[in-house]
Amino acid sequence: MLPAGSYDGTTVLITGGGTGLGRAMAVEFARLGARVGIVSRDPAHHAAGVTAVEQAVDEAAPAGRPKRAVAVGAVADVRDPEQVAAAFDAVESALGPVSVLVNNAAANFPVLAAELSPGGWRAVVDVVLTGSFLCSRELHRRHVARGARPGAILNISAAQAFTGGPGMVHSASAKAGVDAMTKTLAVEWAPDGIRVNGLVPGLFPHQDLPASLRALRERDPDQDATDARRQPAGRVGQPHELGWAATYLCSPFAGFLTGHTLVLDGGNHLRRDFVMPPVVPVAEQLRPRSL
Ligand SMILES: CCCCCCCCC/C=C/C(=O)SCCNC(=O)CCNC(=O)[C@H](O)C(C)(C)COP(=O)(O)OP(=O)(O)OC[C@H]1O[C@@H](n2cnc3c(N)ncnc32)[C@H](O)[C@@H]1OP(=O)(O)O
Ligand SMILES: NC(=O)C1=CN([C@@H]2O[C@H](COP(=O)(O)OP(=O)(O)OC[C@H]3O[C@@H](n4cnc5c(N)ncnc54)[C@H](OP(=O)(O)O)[C@@H]3O)[C@@H](O)[C@H]2O)C=CC1
C-alpha cells in the first residue's frame with residue numbers, strides 16, 4: 001500500500017468504475033485521498049461505485065471528521081467522443097481537473113470467430129480500443145491546454161493480447177491494440193508530462209461480469225477450487241489487489257515508469273508445461289452443456 005494521502009488533491013476518472021474491477025480500483029484510489037469520477041452508461045452502476053467509495057472513505061476517516069465529496073458518476077458511452085467530453089466536463093466541474101485516467105471500461109462475450117457478426121466485432125473493438133483512445137485524447141487535450149503536469153493514464157488490458165484469445169477474437173484483438181496504444185502514447189506524451197502504462201488482470205472472478213462470461217465458469221459446481229488449482233499461484237486474484245497495482249502505477253512512486261504493461265496474474269500467462277493437456281476445440285468448449 002502507498003502512504004496515506006498519496007492522492008490527496010488528485011481527481012481520478014475511471015471508465016466502468018461502478019462495477020467489478022473498476023469499482024475496486026476506485027475504492028483504492030479514494031482510500032489514498034483521490035476524488036473519483038466514475039464514467040459509464042448506466043447510472044445504477046455509478047450509484048454502486050459512489051456508495052462503495054464513500055463507505056471505504058468513511059471507514060478510513062478519523063471519527064468526527066466531516067464528510068467530503070469524493071466520488072461522482074457521469075453518463076457516457078466511451079464510443080462517442082462528444083459524450084466523453086461531456087463526462088469529463090461533469091466530473092471536472094464537481095471534483096476539479098482530472099489528472100489520472102483509468103481506461104477500464106470493456107465489452108466482451110464468448111463467440112466463435114466464424115459466428116461473430118460485424119456488429120458484434122465493432123461493439124467490442126469500439127468500446128475497448130476506440131473508447132480507450134477517445135478518453136486518452138480527451139485527458140491529453142485538457143492537460144496540455146491547462147499546462148498541467150504530471151498526468152497518468154492506465155489502460156486495463158488482458159493476457160489475450162499476448163497470446164490471442166480463442167473464443168474471444170474481438171476482445172483479444174482490441175486489447176492487443178490497446179497495448180500498442182500504451183507504448184505509442186507513452187512516447188508521444190512523455191514530453192507533456194503524461195505517463196501511459198498498462199495493467200493486465202489475470203483471473204479475477206466477480207458477480208458483476210455479464211452472464212455470458214459467468215456462464216463459462218459456472219459449469220463446474222466446484223469452480224472456485226478448480227480456478228485456483230489452474231493458477232500457478234494456487235489462487236485467483238482479489239479485486240483490491242488490482243487497485244493496489246493501479247494506484248502504484250499512476251502515483252509519483254512510478255514517476256519514471258511509462259510504456260510498461262504490468263501483468264498481475266499469479267504467473268498464469270507464463271504457464272507452459274512439457275506436456276500440455278489434450279486440445280479441446282473452442283467450438284466444443286463453448287457448446288452449451290448440461291451438468
Ligand atoms: C472471470 C471469469 C471469466 C473471465 C474470462 C476472461 C476474460 C478475458 C479478458 C476480458 C474480460 C472482459 O472484458 S470482462 C468485461 C465484460 N463486460 C462487459 O462486456 C460489459 C459490457 N457488455 C455489454 O454491454 C454487451 O455485452 C455488449 C454487447 C458488448 C455491448 O454492446 P452494445 O451496447 O453495442 O449492445 P448490442 O447492440 O446489444 O450488441 C452489439 C452487437 O453485439 C452482438 N452480441 C451481443 N452479445 C452477443 C453474444 N453474447 N454473442 C454474440 N453476439 C453478441 C449483438 O448481436 C450485436 O450485433 P449485431 O446485431 O450484428 O449488430
Ligand atoms: N474480470 C477479469 O477476470 C478480467 C477483466 N479484465 C479487464 O478488466 C476490466 C474490468 O472488467 P470487469 O470489472 O471484470 O468487468 P465488468 O463487466 O464488471 O466491467 C465493465 C465496465 O465497462 C463499462 N462499459 C461497458 N461498455 C461501456 C461503454 N460503451 N461505455 C462506457 N462504459 C462501458 C460497464 O459499465 P456500464 O454498463 O455502466 O456502461 C462496466 O462498468 C476490463 O477492461 C476487462 O477487460 C481483463 C482480464 C480478466
# chains A, B, ... in the order shown; residues from 1 in each chain; ligands from 1
>>> residues_around(residues="Leu257 (chain A)", least_positions_apart="5", cutoff="9 Å", atoms="only C-alpha atoms", output="PyMOL selection string")
chain A and resi 195-197+249
>>> write_last_selection(atoms="all heavy atoms", output="short mmCIF file (atom, residue, chain, number, x, y, z; two decimals), in the first residue's frame")
data_model
loop_
_atom_site.label_atom_id
_atom_site.label_comp_id
_atom_site.auth_asym_id
_atom_site.auth_seq_id
_atom_site.Cartn_x
_atom_site.Cartn_y
_atom_site.Cartn_z
N ARG A 195 2.35 10.13 -18.24
CA ARG A 195 2.82 8.74 -18.36
C ARG A 195 1.65 7.86 -18.80
O ARG A 195 0.50 8.11 -18.41
CB ARG A 195 3.37 8.25 -17.02
CG ARG A 195 4.60 9.03 -16.57
CD ARG A 195 5.18 8.49 -15.27
NE ARG A 195 4.25 8.56 -14.17
CZ ARG A 195 3.59 7.52 -13.65
NH1 ARG A 195 3.78 6.30 -14.13
NH2 ARG A 195 2.75 7.67 -12.64
N VAL A 196 1.94 6.82 -19.59
CA VAL A 196 0.89 5.92 -20.07
C VAL A 196 1.36 4.49 -19.83
O VAL A 196 2.37 4.05 -20.41
CB VAL A 196 0.60 6.13 -21.57
CG1 VAL A 196 -0.62 5.30 -22.00
CG2 VAL A 196 0.37 7.61 -21.89
N ASN A 197 0.68 3.78 -18.96
CA ASN A 197 1.04 2.40 -18.67
C ASN A 197 -0.17 1.48 -18.83
O ASN A 197 -1.30 1.96 -18.99
CB ASN A 197 1.61 2.30 -17.24
CG ASN A 197 3.00 2.92 -17.15
OD1 ASN A 197 3.93 2.46 -17.80
ND2 ASN A 197 3.14 3.99 -16.36
N LEU A 249 0.93 2.40 -10.12
CA LEU A 249 1.34 2.77 -11.48
C LEU A 249 1.03 4.23 -11.81
O LEU A 249 1.74 4.85 -12.61
CB LEU A 249 0.67 1.84 -12.50
CG LEU A 249 1.22 0.41 -12.52
CD1 LEU A 249 0.31 -0.51 -13.34
CD2 LEU A 249 2.65 0.37 -13.07
#
>>> residues_around(residues="Ala71 (chain A)", least_positions_apart="3", cutoff="7 Å", atoms="only C-alpha atoms", output="VMD selection string")
chain A and resid 35 to 37 50 53
>>> write_last_selection(atoms="all heavy atoms", output="PDB file, in the first residue's frame")
ATOM      1  N   ARG A  35     -10.178  12.047  -5.317  1.00  0.00           N
ATOM      2  CA  ARG A  35     -11.576  12.232  -5.695  1.00  0.00           C
ATOM      3  C   ARG A  35     -11.761  11.441  -6.983  1.00  0.00           C
ATOM      4  O   ARG A  35     -10.872  11.460  -7.851  1.00  0.00           O
ATOM      5  CB  ARG A  35     -11.873  13.707  -5.941  1.00  0.00           C
ATOM      6  CG  ARG A  35     -11.666  14.571  -4.694  1.00  0.00           C
ATOM      7  CD  ARG A  35     -11.978  16.022  -4.986  1.00  0.00           C
ATOM      8  NE  ARG A  35     -10.988  16.608  -5.857  1.00  0.00           N
ATOM      9  CZ  ARG A  35     -10.023  17.444  -5.461  1.00  0.00           C
ATOM     10  NH1 ARG A  35      -9.949  17.802  -4.189  1.00  0.00           N
ATOM     11  NH2 ARG A  35      -9.151  17.937  -6.310  1.00  0.00           N
ATOM     12  N   VAL A  36     -12.903  10.726  -7.106  1.00  0.00           N
ATOM     13  CA  VAL A  36     -13.042   9.763  -8.202  1.00  0.00           C
ATOM     14  C   VAL A  36     -14.277  10.050  -9.049  1.00  0.00           C
ATOM     15  O   VAL A  36     -15.395  10.123  -8.525  1.00  0.00           O
ATOM     16  CB  VAL A  36     -13.126   8.322  -7.646  1.00  0.00           C
ATOM     17  CG1 VAL A  36     -13.209   7.323  -8.798  1.00  0.00           C
ATOM     18  CG2 VAL A  36     -11.921   7.992  -6.777  1.00  0.00           C
ATOM     19  N   GLY A  37     -14.088  10.166 -10.355  1.00  0.00           N
ATOM     20  CA  GLY A  37     -15.195  10.276 -11.302  1.00  0.00           C
ATOM     21  C   GLY A  37     -15.413   8.926 -11.970  1.00  0.00           C
ATOM     22  O   GLY A  37     -14.476   8.331 -12.499  1.00  0.00           O
ATOM     23  N   VAL A  50     -20.189   4.899  -6.345  1.00  0.00           N
ATOM     24  CA  VAL A  50     -20.091   6.035  -5.411  1.00  0.00           C
ATOM     25  C   VAL A  50     -20.303   5.541  -3.977  1.00  0.00           C
ATOM     26  O   VAL A  50     -19.571   5.915  -3.054  1.00  0.00           O
ATOM     27  CB  VAL A  50     -21.125   7.128  -5.790  1.00  0.00           C
ATOM     28  CG1 VAL A  50     -21.252   8.176  -4.690  1.00  0.00           C
ATOM     29  CG2 VAL A  50     -20.730   7.785  -7.111  1.00  0.00           C
ATOM     30  N   VAL A  53     -17.190   3.706  -2.719  1.00  0.00           N
ATOM     31  CA  VAL A  53     -16.102   4.650  -2.441  1.00  0.00           C
ATOM     32  C   VAL A  53     -16.381   5.389  -1.133  1.00  0.00           C
ATOM     33  O   VAL A  53     -15.506   5.508  -0.263  1.00  0.00           O
ATOM     34  CB  VAL A  53     -15.946   5.654  -3.606  1.00  0.00           C
ATOM     35  CG1 VAL A  53     -15.139   6.865  -3.189  1.00  0.00           C
ATOM     36  CG2 VAL A  53     -15.300   4.967  -4.803  1.00  0.00           C
TER      37      VAL A  53
END
>>> residues_around(residues="Pro191 (chain A)", least_positions_apart="6", cutoff="12 Å", atoms="only C-alpha atoms", output="ChimeraX atom specification")
/A:140,144,147,149-151,185,258
>>> write_last_selection(atoms="N, CA, C and O atoms", output="short mmCIF file (atom, residue, chain, number, x, y, z; two decimals), in the first residue's frame")
data_model
loop_
_atom_site.label_atom_id
_atom_site.label_comp_id
_atom_site.auth_asym_id
_atom_site.auth_seq_id
_atom_site.Cartn_x
_atom_site.Cartn_y
_atom_site.Cartn_z
N HIS A 140 -5.51 14.18 -22.55
CA HIS A 140 -4.32 14.86 -23.07
C HIS A 140 -4.65 16.29 -23.49
O HIS A 140 -3.95 17.24 -23.16
N VAL A 144 -2.86 19.44 -21.56
CA VAL A 144 -1.93 20.32 -22.27
C VAL A 144 -2.48 21.75 -22.28
O VAL A 144 -1.74 22.72 -22.06
N GLY A 147 -1.66 23.45 -19.18
CA GLY A 147 -0.25 23.45 -18.81
C GLY A 147 0.00 22.69 -17.53
O GLY A 147 0.94 22.98 -16.78
N ARG A 149 0.87 19.39 -15.07
CA ARG A 149 1.65 18.18 -15.03
C ARG A 149 1.87 17.82 -13.58
O ARG A 149 1.80 18.71 -12.72
N PRO A 150 2.10 16.58 -13.20
CA PRO A 150 2.14 15.44 -14.11
C PRO A 150 0.73 14.88 -14.33
O PRO A 150 -0.20 15.23 -13.62
N GLY A 151 0.63 13.96 -15.30
CA GLY A 151 -0.61 13.24 -15.54
C GLY A 151 -0.29 11.77 -15.77
O GLY A 151 0.86 11.41 -16.07
N LEU A 185 1.54 6.10 -27.10
CA LEU A 185 1.22 7.36 -26.40
C LEU A 185 2.25 7.66 -25.32
O LEU A 185 2.51 8.83 -25.01
N THR A 258 7.01 4.48 -17.79
CA THR A 258 5.98 4.74 -18.80
C THR A 258 6.14 3.76 -19.96
O THR A 258 7.24 3.26 -20.22
#
>>> closest_residue(among="A:Cys250, A:Ala114, A:Leu95, A:Leu101", to="ligand 1", atoms="only C-alpha atoms and all ligand atoms")
A:Ala114
>>> residues_around(residues="Thr130 (chain A)", least_positions_apart="3", cutoff="12 Å", atoms="only C-alpha atoms", output="PyMOL selection string")
chain A and resi 77-81+84+103+105-107+122-127+133-137+174-175+177-178+181
>>> write_last_selection(atoms="N, CA and C atoms", output="tab-separated table (two decimals), in the first residue's frame")
chain	number	residue	atom	x	y	z
A	77	ASP	N	-21.19	6.89	-23.12
A	77	ASP	CA	-20.75	5.70	-23.87
A	77	ASP	C	-19.38	6.07	-24.41
A	78	VAL	N	-18.35	5.33	-24.02
A	78	VAL	CA	-16.98	5.75	-24.38
A	78	VAL	C	-16.72	5.68	-25.88
A	79	ARG	N	-17.66	5.12	-26.63
A	79	ARG	CA	-17.50	5.07	-28.10
A	79	ARG	C	-17.80	6.42	-28.74
A	80	ASP	N	-18.39	7.35	-27.98
A	80	ASP	CA	-18.85	8.62	-28.56
A	80	ASP	C	-18.00	9.77	-28.03
A	81	PRO	N	-17.24	10.45	-28.89
A	81	PRO	CA	-16.33	11.49	-28.41
A	81	PRO	C	-17.04	12.65	-27.72
A	84	VAL	N	-17.94	11.58	-24.26
A	84	VAL	CA	-16.71	11.52	-23.44
A	84	VAL	C	-16.35	12.92	-22.95
A	103	ASN	N	-8.49	3.74	-18.12
A	103	ASN	CA	-9.33	3.19	-19.20
A	103	ASN	C	-9.63	1.73	-18.87
A	105	ALA	N	-13.20	0.52	-18.88
A	105	ALA	CA	-14.46	0.04	-19.49
A	105	ALA	C	-14.14	-0.97	-20.59
A	106	ALA	N	-14.93	-2.00	-20.67
A	106	ALA	CA	-14.68	-3.03	-21.67
A	106	ALA	C	-15.97	-3.75	-22.02
A	107	ALA	N	-15.95	-4.42	-23.15
A	107	ALA	CA	-17.05	-5.28	-23.56
A	107	ALA	C	-16.45	-6.59	-24.04
A	122	ARG	N	-17.62	-4.90	-34.03
A	122	ARG	CA	-17.50	-3.45	-33.84
A	122	ARG	C	-17.82	-3.04	-32.40
A	123	ALA	N	-18.84	-3.67	-31.82
A	123	ALA	CA	-19.22	-3.28	-30.44
A	123	ALA	C	-18.02	-3.45	-29.50
A	124	VAL	N	-17.36	-4.58	-29.58
A	124	VAL	CA	-16.26	-4.85	-28.63
A	124	VAL	C	-15.03	-4.01	-28.97
A	125	VAL	N	-14.67	-3.97	-30.24
A	125	VAL	CA	-13.46	-3.20	-30.62
A	125	VAL	C	-13.67	-1.71	-30.34
A	126	ASP	N	-14.88	-1.22	-30.57
A	126	ASP	CA	-15.13	0.20	-30.34
A	126	ASP	C	-15.11	0.56	-28.86
A	127	VAL	N	-15.69	-0.28	-28.02
A	127	VAL	CA	-15.66	0.04	-26.58
A	127	VAL	C	-14.23	-0.04	-26.07
A	133	PHE	N	-8.92	5.13	-26.62
A	133	PHE	CA	-8.27	6.23	-27.35
A	133	PHE	C	-9.00	7.56	-27.12
A	134	LEU	N	-10.33	7.52	-27.24
A	134	LEU	CA	-11.09	8.78	-27.12
A	134	LEU	C	-10.92	9.40	-25.73
A	135	CYS	N	-10.92	8.56	-24.69
A	135	CYS	CA	-10.76	9.10	-23.33
A	135	CYS	C	-9.33	9.60	-23.13
A	136	SER	N	-8.35	8.89	-23.66
A	136	SER	CA	-6.95	9.32	-23.52
A	136	SER	C	-6.74	10.66	-24.21
A	137	ARG	N	-7.31	10.77	-25.39
A	137	ARG	CA	-7.18	12.01	-26.17
A	137	ARG	C	-7.80	13.18	-25.42
A	174	ALA	N	-8.71	-6.30	-29.78
A	174	ALA	CA	-8.83	-4.93	-29.26
A	174	ALA	C	-7.81	-4.68	-28.16
A	175	LYS	N	-7.61	-5.66	-27.28
A	175	LYS	CA	-6.65	-5.46	-26.18
A	175	LYS	C	-5.22	-5.38	-26.73
A	177	GLY	N	-4.47	-4.05	-29.51
A	177	GLY	CA	-4.42	-2.66	-29.99
A	177	GLY	C	-4.19	-1.70	-28.84
A	178	VAL	N	-4.83	-1.97	-27.72
A	178	VAL	CA	-4.66	-1.11	-26.54
A	178	VAL	C	-3.19	-1.15	-26.09
A	181	MET	N	-1.22	0.97	-28.25
A	181	MET	CA	-1.52	2.38	-27.96
A	181	MET	C	-0.78	2.84	-26.70
>>> residues_near_ligand(ligand="ligand 2", cutoff="6 Å", atoms="only C-alpha atoms and all ligand atoms", output="tab-separated table (two decimals) with N, CA and C atoms, in the first residue's frame")
chain	number	residue	atom	x	y	z
A	15	THR	N	-13.20	4.85	-16.19
A	15	THR	CA	-14.32	4.39	-17.01
A	15	THR	C	-14.74	3.00	-16.51
A	16	GLY	N	-16.03	2.76	-16.50
A	16	GLY	CA	-16.51	1.48	-15.96
A	16	GLY	C	-16.19	1.32	-14.48
A	17	GLY	N	-16.11	2.44	-13.76
A	17	GLY	CA	-15.69	2.37	-12.35
A	17	GLY	C	-16.81	2.01	-11.38
A	18	GLY	N	-18.01	1.69	-11.91
A	18	GLY	CA	-19.10	1.37	-10.99
A	18	GLY	C	-19.26	-0.11	-10.71
A	19	THR	N	-18.57	-0.95	-11.46
A	19	THR	CA	-18.74	-2.41	-11.29
A	19	THR	C	-17.38	-3.08	-11.14
A	20	GLY	N	-17.41	-4.30	-10.66
A	20	GLY	CA	-16.27	-5.22	-10.71
A	20	GLY	C	-14.93	-4.62	-10.37
A	21	LEU	N	-14.00	-4.78	-11.28
A	21	LEU	CA	-12.62	-4.37	-11.02
A	21	LEU	C	-12.47	-2.85	-11.04
A	22	GLY	N	-13.26	-2.18	-11.87
A	22	GLY	CA	-13.21	-0.71	-11.91
A	22	GLY	C	-13.61	-0.14	-10.55
A	40	SER	N	-19.61	5.78	-17.13
A	40	SER	CA	-20.09	4.63	-17.90
A	40	SER	C	-21.52	4.92	-18.31
A	41	ARG	N	-22.20	3.90	-18.87
A	41	ARG	CA	-23.53	4.16	-19.44
A	41	ARG	C	-24.65	4.15	-18.40
A	42	ASP	N	-24.51	3.35	-17.36
A	42	ASP	CA	-25.65	3.03	-16.51
A	42	ASP	C	-25.55	3.74	-15.15
A	45	HIS	N	-25.00	1.75	-12.03
A	45	HIS	CA	-23.60	1.35	-11.77
A	45	HIS	C	-22.84	2.47	-11.07
A	76	ALA	N	-21.69	8.30	-19.92
A	76	ALA	CA	-21.12	8.39	-21.27
A	76	ALA	C	-20.95	6.99	-21.83
A	77	ASP	N	-21.19	6.89	-23.12
A	77	ASP	CA	-20.75	5.70	-23.87
A	77	ASP	C	-19.38	6.07	-24.41
A	78	VAL	N	-18.35	5.33	-24.02
A	78	VAL	CA	-16.98	5.75	-24.38
A	78	VAL	C	-16.72	5.68	-25.88
A	79	ARG	N	-17.66	5.12	-26.63
A	79	ARG	CA	-17.50	5.07	-28.10
A	79	ARG	C	-17.80	6.42	-28.74
A	104	ASN	N	-10.75	1.55	-18.16
A	104	ASN	CA	-11.10	0.23	-17.65
A	104	ASN	C	-12.34	-0.35	-18.34
A	105	ALA	N	-13.20	0.52	-18.88
A	105	ALA	CA	-14.46	0.04	-19.49
A	105	ALA	C	-14.14	-0.97	-20.59
A	106	ALA	N	-14.93	-2.00	-20.67
A	106	ALA	CA	-14.68	-3.03	-21.67
A	106	ALA	C	-15.97	-3.75	-22.02
A	107	ALA	N	-15.95	-4.42	-23.15
A	107	ALA	CA	-17.05	-5.28	-23.56
A	107	ALA	C	-16.45	-6.59	-24.04
A	127	VAL	N	-15.69	-0.28	-28.02
A	127	VAL	CA	-15.66	0.04	-26.58
A	127	VAL	C	-14.23	-0.04	-26.07
A	156	ILE	N	-6.36	-0.72	-18.92
A	156	ILE	CA	-6.56	-2.08	-18.43
A	156	ILE	C	-6.65	-3.01	-19.65
A	157	SER	N	-5.77	-3.98	-19.69
A	157	SER	CA	-5.70	-4.87	-20.85
A	157	SER	C	-6.04	-6.31	-20.42
A	158	ALA	N	-5.59	-7.28	-21.19
A	158	ALA	CA	-5.85	-8.69	-20.85
A	158	ALA	C	-4.74	-9.54	-21.47
A	201	PRO	N	-5.15	-7.71	-15.69
A	201	PRO	CA	-5.62	-8.62	-14.64
A	201	PRO	C	-5.59	-10.06	-15.16
A	202	GLY	N	-5.19	-10.98	-14.31
A	202	GLY	CA	-5.36	-12.39	-14.66
A	202	GLY	C	-6.80	-12.79	-14.40
A	203	LEU	N	-7.02	-13.90	-13.76
A	203	LEU	CA	-8.38	-14.36	-13.50
A	203	LEU	C	-8.88	-13.72	-12.20
A	204	PHE	N	-9.84	-12.81	-12.36
A	204	PHE	CA	-10.45	-12.09	-11.22
A	204	PHE	C	-11.96	-12.27	-11.31
A	205	PRO	N	-12.49	-13.39	-10.83
A	205	PRO	CA	-13.94	-13.59	-10.93
A	205	PRO	C	-14.69	-12.62	-10.01
A	208	ASP	N	-20.25	-9.10	-11.02
A	208	ASP	CA	-20.73	-8.10	-11.98
A	208	ASP	C	-20.47	-8.48	-13.43
A	209	LEU	N	-19.70	-9.54	-13.65
A	209	LEU	CA	-19.42	-9.92	-15.05
A	209	LEU	C	-20.73	-10.27	-15.76
A	210	PRO	N	-20.81	-10.01	-17.07
A	210	PRO	CA	-22.03	-10.38	-17.78
A	210	PRO	C	-22.26	-11.89	-17.73
>>> closest_residue(among="A:Arg68, A:Arg142, A:Arg31, A:Arg219", to="ligand 1", atoms="only C-alpha atoms and all ligand atoms")
A:Arg219
>>> closest_residue(among="A:Gly193, A:Pro277, A:Gly120, A:Gly198", to="ligand 1", atoms="only C-alpha atoms and all ligand atoms")
A:Gly120
>>> atom_distance(atom1="CA of Ser132 (chain A)", atom2="atom 29 (C, counted along the ligand's line) of ligand 1")
15.0 Å
>>> atom_distance(atom1="atom 29 (C, counted along the ligand's line) of ligand 1", atom2="CA of Leu112 (chain A)")
14.7 Å
>>> closest_residue(among="A:Val236, A:Ala52, A:Leu32, A:Ile14", to="ligand 1", atoms="only C-alpha atoms and all ligand atoms")
A:Val236
>>> decode(residues="region 267-287 of chain A", atoms="N, CA and C atoms", output="PDB file, in the first residue's frame")
ATOM      1  N   GLY A 267       1.324 -15.450 -12.353  1.00  0.00           N
ATOM      2  CA  GLY A 267       2.186 -16.219 -13.267  1.00  0.00           C
ATOM      3  C   GLY A 267       1.434 -16.982 -14.350  1.00  0.00           C
ATOM      4  N   ASN A 268       0.105 -16.795 -14.415  1.00  0.00           N
ATOM      5  CA  ASN A 268      -0.684 -17.660 -15.302  1.00  0.00           C
ATOM      6  C   ASN A 268      -0.340 -17.539 -16.783  1.00  0.00           C
ATOM      7  N   HIS A 269      -0.031 -16.315 -17.252  1.00  0.00           N
ATOM      8  CA  HIS A 269       0.207 -16.176 -18.703  1.00  0.00           C
ATOM      9  C   HIS A 269       1.537 -16.816 -19.108  1.00  0.00           C
ATOM     10  N   LEU A 270       2.383 -17.145 -18.121  1.00  0.00           N
ATOM     11  CA  LEU A 270       3.686 -17.742 -18.450  1.00  0.00           C
ATOM     12  C   LEU A 270       3.635 -19.258 -18.406  1.00  0.00           C
ATOM     13  N   ARG A 271       2.480 -19.791 -18.070  1.00  0.00           N
ATOM     14  CA  ARG A 271       2.416 -21.221 -17.800  1.00  0.00           C
ATOM     15  C   ARG A 271       2.554 -22.048 -19.079  1.00  0.00           C
ATOM     16  N   ARG A 272       3.571 -22.846 -19.131  1.00  0.00           N
ATOM     17  CA  ARG A 272       3.755 -23.826 -20.205  1.00  0.00           C
ATOM     18  C   ARG A 272       4.342 -25.075 -19.579  1.00  0.00           C
ATOM     19  N   ASP A 273       3.728 -26.217 -19.840  1.00  0.00           N
ATOM     20  CA  ASP A 273       4.286 -27.460 -19.318  1.00  0.00           C
ATOM     21  C   ASP A 273       4.909 -28.238 -20.470  1.00  0.00           C
ATOM     22  N   PHE A 274       5.833 -29.191 -20.140  1.00  0.00           N
ATOM     23  CA  PHE A 274       6.416 -30.027 -21.195  1.00  0.00           C
ATOM     24  C   PHE A 274       5.328 -30.777 -21.943  1.00  0.00           C
ATOM     25  N   VAL A 275       4.363 -31.251 -21.160  1.00  0.00           N
ATOM     26  CA  VAL A 275       3.236 -31.952 -21.775  1.00  0.00           C
ATOM     27  C   VAL A 275       1.987 -31.144 -21.474  1.00  0.00           C
ATOM     28  N   MET A 276       1.319 -30.694 -22.537  1.00  0.00           N
ATOM     29  CA  MET A 276       0.138 -29.850 -22.339  1.00  0.00           C
ATOM     30  C   MET A 276      -1.121 -30.730 -22.323  1.00  0.00           C
ATOM     31  N   PRO A 277      -2.210 -30.248 -21.717  1.00  0.00           N
ATOM     32  CA  PRO A 277      -3.446 -31.032 -21.721  1.00  0.00           C
ATOM     33  C   PRO A 277      -3.941 -31.244 -23.153  1.00  0.00           C
ATOM     34  N   PRO A 278      -4.723 -32.302 -23.390  1.00  0.00           N
ATOM     35  CA  PRO A 278      -5.242 -32.526 -24.741  1.00  0.00           C
ATOM     36  C   PRO A 278      -6.032 -31.324 -25.229  1.00  0.00           C
ATOM     37  N   VAL A 279      -5.963 -31.067 -26.541  1.00  0.00           N
ATOM     38  CA  VAL A 279      -6.682 -29.922 -27.122  1.00  0.00           C
ATOM     39  C   VAL A 279      -8.181 -30.233 -27.165  1.00  0.00           C
ATOM     40  N   VAL A 280      -8.986 -29.285 -26.658  1.00  0.00           N
ATOM     41  CA  VAL A 280     -10.439 -29.361 -26.825  1.00  0.00           C
ATOM     42  C   VAL A 280     -10.812 -28.207 -27.742  1.00  0.00           C
ATOM     43  N   PRO A 281     -11.318 -28.479 -28.968  1.00  0.00           N
ATOM     44  CA  PRO A 281     -11.633 -27.374 -29.878  1.00  0.00           C
ATOM     45  C   PRO A 281     -12.549 -26.346 -29.199  1.00  0.00           C
ATOM     46  N   VAL A 282     -12.289 -25.057 -29.499  1.00  0.00           N
ATOM     47  CA  VAL A 282     -13.059 -23.996 -28.845  1.00  0.00           C
ATOM     48  C   VAL A 282     -14.550 -24.178 -29.114  1.00  0.00           C
ATOM     49  N   ALA A 283     -14.896 -24.635 -30.322  1.00  0.00           N
ATOM     50  CA  ALA A 283     -16.316 -24.841 -30.629  1.00  0.00           C
ATOM     51  C   ALA A 283     -16.943 -25.801 -29.620  1.00  0.00           C
ATOM     52  N   GLU A 284     -16.168 -26.784 -29.185  1.00  0.00           N
ATOM     53  CA  GLU A 284     -16.694 -27.739 -28.192  1.00  0.00           C
ATOM     54  C   GLU A 284     -16.758 -27.107 -26.804  1.00  0.00           C
ATOM     55  N   GLN A 285     -15.732 -26.290 -26.493  1.00  0.00           N
ATOM     56  CA  GLN A 285     -15.721 -25.651 -25.168  1.00  0.00           C
ATOM     57  C   GLN A 285     -16.920 -24.728 -24.985  1.00  0.00           C
ATOM     58  N   LEU A 286     -17.327 -24.052 -26.060  1.00  0.00           N
ATOM     59  CA  LEU A 286     -18.409 -23.063 -25.938  1.00  0.00           C
ATOM     60  C   LEU A 286     -19.799 -23.686 -26.120  1.00  0.00           C
ATOM     61  N   ARG A 287     -19.833 -24.970 -26.563  1.00  0.00           N
ATOM     62  CA  ARG A 287     -21.138 -25.589 -26.802  1.00  0.00           C
ATOM     63  C   ARG A 287     -21.884 -25.713 -25.467  1.00  0.00           C
TER      64      ARG A 287
END
